[in-house]
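Below is the file protein_24.tsv, which contains TSV, C-alpha atoms.
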chain	number	residue	atom	x	y	z
A	219	MET	CA	3.40	10.11	-3.27
A	220	ARG	CA	5.24	13.41	-3.25
A	221	PRO	CA	8.83	14.59	-2.90
A	222	VAL	CA	10.19	16.03	0.32
A	223	GLY	CA	11.25	19.59	-0.36
A	224	ASN	CA	10.77	21.39	-3.67
A	225	GLU	CA	8.03	20.26	-6.03
A	226	PRO	CA	9.24	18.74	-9.34
A	227	THR	CA	9.68	21.27	-12.13
A	228	ALA	CA	7.95	21.12	-15.52
A	229	ALA	CA	11.34	20.58	-17.13
A	230	ALA	CA	11.98	17.57	-14.94
A	231	MET	CA	8.56	16.17	-15.79
A	232	VAL	CA	9.27	16.55	-19.51
A	233	ALA	CA	12.63	14.87	-19.03
A	234	GLY	CA	10.90	11.93	-17.40
A	235	ILE	CA	12.40	12.56	-13.97
A	236	VAL	CA	10.50	13.45	-10.80
A	237	ALA	CA	12.30	14.19	-7.52
A	238	GLY	CA	15.46	12.63	-8.94
A	239	VAL	CA	13.68	9.41	-9.93
A	240	PRO	CA	13.57	8.48	-13.64
A	241	LEU	CA	10.10	7.36	-14.74
A	242	THR	CA	11.23	3.90	-15.84
A	243	GLY	CA	9.87	0.46	-15.04
A	244	THR	CA	12.98	-0.34	-13.02
A	245	SER	CA	12.39	2.77	-10.91
A	246	ALA	CA	8.76	1.74	-10.36
A	247	LEU	CA	9.86	-1.69	-9.15
A	248	ALA	CA	12.44	-0.12	-6.83
A	249	LEU	CA	9.97	2.41	-5.39
A	250	VAL	CA	7.37	-0.28	-4.69
A	251	ARG	CA	10.09	-2.51	-3.21
A	252	ASP	CA	11.22	0.30	-0.89
A	253	ALA	CA	7.62	0.94	0.20
A	254	CYS	CA	7.20	-2.75	1.03
A	255	ARG	CA	10.53	-2.73	2.88
A	256	ALA	CA	9.33	0.23	4.97
A	257	GLY	CA	6.11	-1.67	5.68
A	258	ARG	CA	8.09	-4.78	6.66
A	259	LEU	CA	10.22	-2.84	9.12
A	260	MET	CA	7.18	-1.08	10.56
A	261	HIS	CA	5.24	-4.32	11.05
A	262	GLY	CA	8.33	-6.10	12.29
A	263	ALA	CA	8.40	-3.59	15.13
A	264	GLY	CA	4.75	-4.43	15.91
A	265	LEU	CA	3.36	-1.13	14.64
A	266	VAL	CA	0.04	-0.63	12.91
A	267	HIS	CA	0.13	2.65	10.95
A	268	ARG	CA	-3.65	2.95	10.36
A	269	ASP	CA	-3.37	5.94	8.01
A	270	ILE	CA	-1.39	4.88	4.94
A	271	LYS	CA	-2.41	6.86	1.85
A	272	PRO	CA	-0.58	8.57	-1.04
A	273	LYS	CA	0.02	11.84	0.82
A	274	ASN	CA	1.75	9.90	3.64
A	275	ILE	CA	4.19	8.17	1.28
A	276	MET	CA	6.97	10.56	0.33
A	277	LEU	CA	10.24	10.62	-1.55
A	278	ARG	CA	13.48	11.70	0.08
A	279	GLN	CA	16.56	11.59	-2.13
A	280	GLY	CA	14.86	9.04	-4.35
A	281	ARG	CA	13.83	6.70	-1.50
A	282	ILE	CA	10.43	6.02	0.00
A	283	VAL	CA	9.61	7.49	3.41
A	284	ILE	CA	6.37	6.74	5.28
A	285	ILE	CA	5.27	9.70	7.38
A	286	ASP	CA	2.52	10.75	9.80
A	287	PHE	CA	2.48	8.17	12.57
A	288	GLY	CA	-0.05	10.21	14.56
A	289	PHE	CA	-2.57	7.34	14.58
A	290	ALA	CA	-0.03	4.51	14.68
A	291	GLU	CA	-0.05	2.11	17.62
A	292	PHE	CA	1.78	-0.97	18.74
A	293	GLY	CA	-0.73	-3.73	18.04
A	294	ARG	CA	-1.80	-6.79	19.95
A	295	ARG	CA	-1.79	-10.32	18.57
A	296	ILE	CA	-5.38	-11.37	17.94
A	297	GLU	CA	-6.32	-14.95	17.14
A	298	GLY	CA	-8.10	-15.29	13.78
A	299	GLY	CA	-11.52	-16.83	13.37
A	300	ASN	CA	-13.72	-14.48	15.37
A	301	ASP	CA	-13.85	-11.88	12.64
A	302	GLY	CA	-13.95	-14.12	9.60
A	303	GLY	CA	-10.30	-13.49	8.76
A	304	GLY	CA	-7.59	-16.08	8.51
A	305	GLY	CA	-4.87	-13.83	9.79
A	306	VAL	CA	-1.91	-12.40	7.95
A	307	GLY	CA	-0.26	-14.95	5.70
A	308	GLY	CA	-2.69	-17.65	6.81
A	309	THR	CA	-1.27	-17.77	10.34
A	310	GLY	CA	-4.65	-17.45	12.04
A	311	ARG	CA	-3.30	-14.45	13.95
A	312	ARG	CA	-3.69	-10.73	13.35
A	313	ILE	CA	-1.73	-7.81	14.76
A	314	CYS	CA	-4.32	-5.16	15.55
A	315	SER	CA	-4.83	-1.94	17.39
A	316	VAL	CA	-7.78	-2.44	19.70
A	317	THR	CA	-8.15	1.29	20.31
A	318	GLN	CA	-10.83	2.99	18.25
A	319	GLY	CA	-9.32	4.93	15.38
A	320	LYS	CA	-10.40	8.00	13.46
A	321	GLU	CA	-14.10	8.66	13.00
A	322	LYS	CA	-13.41	10.73	9.89
A	323	GLY	CA	-10.80	10.42	7.20
A	324	GLU	CA	-10.12	9.22	3.66
A	325	VAL	CA	-12.32	6.15	3.74
A	326	ARG	CA	-11.05	4.98	0.33
A	327	TYR	CA	-7.92	3.63	2.06
A	328	VAL	CA	-9.68	1.97	4.99
A	329	LEU	CA	-10.28	-1.78	5.07
A	330	ALA	CA	-13.93	-2.51	5.89
A	331	ARG	CA	-12.95	-5.27	8.31
A	332	ASP	CA	-11.01	-2.74	10.40
A	333	VAL	CA	-14.01	-0.43	10.77
A	334	ALA	CA	-16.16	-3.25	12.07
A	335	LYS	CA	-14.10	-4.10	15.10
A	336	TYR	CA	-10.47	-3.10	15.58
A	337	ARG	CA	-10.10	0.19	13.71
A	338	GLY	CA	-6.69	-0.91	12.49
A	339	CYS	CA	-4.90	-4.20	11.76
A	340	GLN	CA	-1.72	-4.88	9.85
A	341	GLU	CA	-3.58	-6.21	6.82
A	342	GLY	CA	-5.37	-2.87	6.70
A	343	ASP	CA	-1.95	-1.28	6.22
A	344	MET	CA	-1.24	-3.79	3.43
A	345	TYR	CA	-4.47	-2.95	1.63
A	346	ALA	CA	-3.90	0.79	1.94
A	347	MET	CA	-0.31	0.44	0.73
A	348	GLY	CA	-1.35	-1.67	-2.26
A	349	LYS	CA	-3.98	0.86	-3.26
A	350	ALA	CA	-1.70	3.86	-2.73
A	351	LEU	CA	1.07	2.23	-4.77
A	352	TYR	CA	-1.33	1.37	-7.59
A	353	GLU	CA	-2.41	5.01	-7.78
A	354	THR	CA	1.22	6.16	-7.68
A	355	VAL	CA	2.37	3.89	-10.50
A	356	PHE	CA	-0.72	3.59	-12.67
A	357	GLY	CA	-2.73	6.65	-11.68
A	358	SER	CA	-6.20	7.06	-10.20
A	359	PRO	CA	-9.33	6.27	-12.24
A	360	LEU	CA	-11.56	9.17	-13.19
A	361	GLY	CA	-13.89	10.27	-10.43
A	362	SER	CA	-11.69	8.95	-7.61
A	363	GLU	CA	-10.31	12.18	-6.21
A	364	PRO	CA	-9.29	12.16	-2.52
A	365	SER	CA	-12.37	11.72	-0.38
A	366	GLY	CA	-11.25	14.15	2.32
A	367	ARG	CA	-12.50	13.92	5.88
A	368	GLN	CA	-15.62	11.82	5.47
A	369	GLU	CA	-17.27	9.73	8.14
A	370	ILE	CA	-15.69	6.29	8.17
A	371	THR	CA	-18.41	3.63	8.14
A	372	GLU	CA	-18.25	-0.07	7.36
A	373	PRO	CA	-20.75	0.10	4.44
A	374	GLU	CA	-18.85	2.91	2.73
A	375	ALA	CA	-15.50	1.23	3.33
A	376	ARG	CA	-16.86	-2.04	1.91
A	377	PHE	CA	-18.17	-0.20	-1.15
A	378	GLN	CA	-14.79	1.43	-1.71
A	379	ASN	CA	-12.93	-1.87	-1.16
A	380	ASP	CA	-15.11	-3.74	-3.66
A	381	LYS	CA	-14.84	-0.91	-6.20
A	382	PHE	CA	-11.04	-0.84	-6.08
A	383	ARG	CA	-10.65	-4.63	-6.14
A	384	ALA	CA	-12.89	-4.78	-9.22
A	385	LEU	CA	-10.51	-2.33	-10.90
A	386	LEU	CA	-7.37	-4.08	-9.65
A	387	TRP	CA	-8.46	-7.51	-10.91
A	388	GLY	CA	-10.05	-6.14	-14.08
A	389	GLU	CA	-8.71	-6.65	-17.61
A	390	ASP	CA	-7.66	-2.99	-17.87
A	391	ALA	CA	-5.68	-2.90	-14.62
A	392	GLY	CA	-2.41	-1.08	-15.16
A	393	ALA	CA	-3.18	-0.39	-18.81
A	394	VAL	CA	-1.86	3.16	-18.40
A	395	SER	CA	1.22	4.00	-16.34
A	396	ARG	CA	3.22	7.05	-15.36
A	397	PHE	CA	6.31	4.87	-15.84
A	398	CYS	CA	7.69	3.39	-19.06
A	399	MET	CA	7.75	-0.36	-18.40
A	400	THR	CA	7.64	-3.75	-20.03
A	401	GLY	CA	4.70	-6.14	-19.81
A	402	GLN	CA	6.66	-8.34	-17.39
A	403	MET	CA	7.29	-5.40	-15.07
A	404	ARG	CA	3.60	-4.53	-15.14
A	405	HIS	CA	2.75	-8.16	-14.37
A	406	VAL	CA	5.06	-8.26	-11.33
A	407	LEU	CA	3.81	-4.94	-9.97
A	408	LEU	CA	0.18	-6.00	-10.31
A	409	LYS	CA	0.98	-9.34	-8.68
A	410	VAL	CA	2.34	-7.54	-5.63
A	411	MET	CA	-0.46	-4.97	-5.47
A	412	ARG	CA	-3.11	-7.67	-5.82
A	413	GLY	CA	-1.38	-9.72	-3.16
A	414	LEU	CA	-1.37	-6.83	-0.71
A	415	CYS	CA	-5.05	-6.12	-1.41
A	416	ARG	CA	-6.39	-9.68	-1.27
A	417	GLU	CA	-9.40	-10.01	1.00
A	418	GLU	CA	-8.20	-13.32	2.45
A	419	ASN	CA	-4.61	-14.06	3.45
A	420	PRO	CA	-3.02	-10.90	2.01
A	421	MET	CA	0.61	-10.96	0.96
A	422	GLN	CA	2.94	-9.88	3.74
A	423	PHE	CA	5.30	-6.99	3.10
A	424	LEU	CA	8.27	-9.37	3.46
A	425	VAL	CA	6.99	-11.61	0.65
A	426	ALA	CA	6.16	-8.62	-1.56
A	427	GLU	CA	9.66	-7.24	-1.05
A	428	GLN	CA	11.22	-10.58	-1.98
A	429	VAL	CA	9.16	-10.86	-5.18
A	430	LEU	CA	10.26	-7.39	-6.26
A	431	MET	CA	13.90	-7.94	-5.36
A	432	GLU	CA	13.98	-11.12	-7.43
A	433	GLU	CA	12.58	-9.29	-10.44
A	434	ILE	CA	15.05	-6.41	-10.05
A	435	SER	CA	17.88	-8.93	-9.70
A	436	ILE	CA	16.88	-10.60	-12.97
A	437	ILE	CA	16.77	-7.24	-14.75
A	438	GLU	CA	20.14	-6.15	-13.39
A	439	GLY	CA	21.72	-9.56	-13.86
A	440	GLY	CA	22.93	-9.61	-10.28
A	441	THR	CA	21.81	-10.86	-6.89
A	442	SER	CA	19.78	-9.28	-4.10
A	443	ARG	CA	19.12	-10.05	-0.49
A	444	ILE	CA	16.96	-8.74	2.36
A	445	VAL	CA	18.86	-6.31	4.57

Could you show the structure in this file as structure tokens?
Amino acid sequence: MRPVGNEPTAAAMVAGIVAGVPLTGTSALALVRDACRAGRLMHGAGLVHRDIKPKNIMLRQGRIVIIDFGFAEFGRRIEGGNDGGGGVGGTGRRICSVTQGKEKGEVRYVLARDVAKYRGCQEGDMYAMGKALYETVFGSPLGSEPSGRQEITEPEARFQNDKFRALLWGEDAGAVSRFCMTGQMRHVLLKVMRGLCREENPMQFLVAEQVLMEEISIIEGGTSRIV
């Protein structure tokens, strides 16, 4: 994730503020909530982005903006079962682009199931968002620099999926963060990220947004609603 406009200054980094956003747990919850809200609106319109990754999630005046819709398409509703998936949210249906996607790209953010058949379904966006948000909040593990324009194959995508899920569900997940947060905040963020990245019945963006809004409401002592 990066700011739109000027890069953050060293002074701002030392002060714990990047692009106008304080590096607090509450800010982390709000940023992840806004990313899930953007995903909800995108999927609600029937779009499959197909290229969500950290460099395509930006900050504008402290709010999340998803960019680069060059590979996005309006998807078709596909009945679950033929591909081994249960559909988004257990509905038995998947919203997918049936047009072949990129042959090269950053395979670390590609869901293996997408490579095999559709080259882009909404749960692929959820997985990519969950991974990108984990790296934004908690950082990338050593040796996981951007993969660049590599050939996208199902075996490599499966390897990358399994590798990241092992990290995400591991005991050390979220042990280090760029944000100063409580254990409860870390728990909620990991719950959402794990939900988005589940292999079966991933958490929908709507549900993820609600979970985060409830937590923020508890912290602020107020009420929240979906708008």

Provide an axis-aligned box for all listed atoms of region 282-291 of chain A, padding each side by 6 Å; report its centre and its edge lengths in Å to one decimal, as lines of an AutoDock Vina configuration file.
center_x = 3.9
center_y = 6.4
center_z = 8.8
size_x = 25.0
size_y = 20.6
size_z = 29.6

(request) Rank A:Asp380, A:Asp390, A:Asp343, A:Asp252 by their smallest atom-to-atom distance to Ile434 (chain A), using all atoms listed in the file, and report the top residue only. (result) A:Asp252

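For the residues A:Glu324, A:Gly348, A:Pro373, A:Ile313, ranking by smallest atom-to-atom distance to Arg251 (chain A) using only C-alpha atoms places A:Gly348 first.
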
(request) Figure out the distance between CA of Arg278 (chain A) and CA of Thr244 (chain A), please, to one decimal in Å. (result) 17.8 Å

(request) Rank nothing, just name the residue among A:Lys349, A:Arg416, A:Lys409, A:Arg331 nearest to Arg312 (chain A), using only C-alpha atoms. (result)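 Checking each candidate against Arg312 (chain A), we get A:Arg331 as the closest.
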
(message) Give me, as a list of chain:residue names, all polymer residues having an atom no more than 9 Å from Arg396 (chain A), counting all atoms listed in the file and skipping those fewer than 6 positions away in the same chain.
(response) A:Leu241, A:Thr242, A:Thr354, A:Val355, A:Phe356, A:Gly357

(message) Need to verify the contact set: Val429 (chain A), 12 Å, all atoms listed in the file, exclusion of same-chain residues closer than 2 positions in sequence. Can you return it as a VMD selection string?
(response) chain A and resid 247 to 248 250 to 251 254 to 255 403 405 to 411 413 421 to 427 431 to 436 442 to 444

(request) Take CA of Leu249 (chain A) and CA of Met399 (chain A) and report the distance between them in Å, one decimal. (result) 13.5 Å
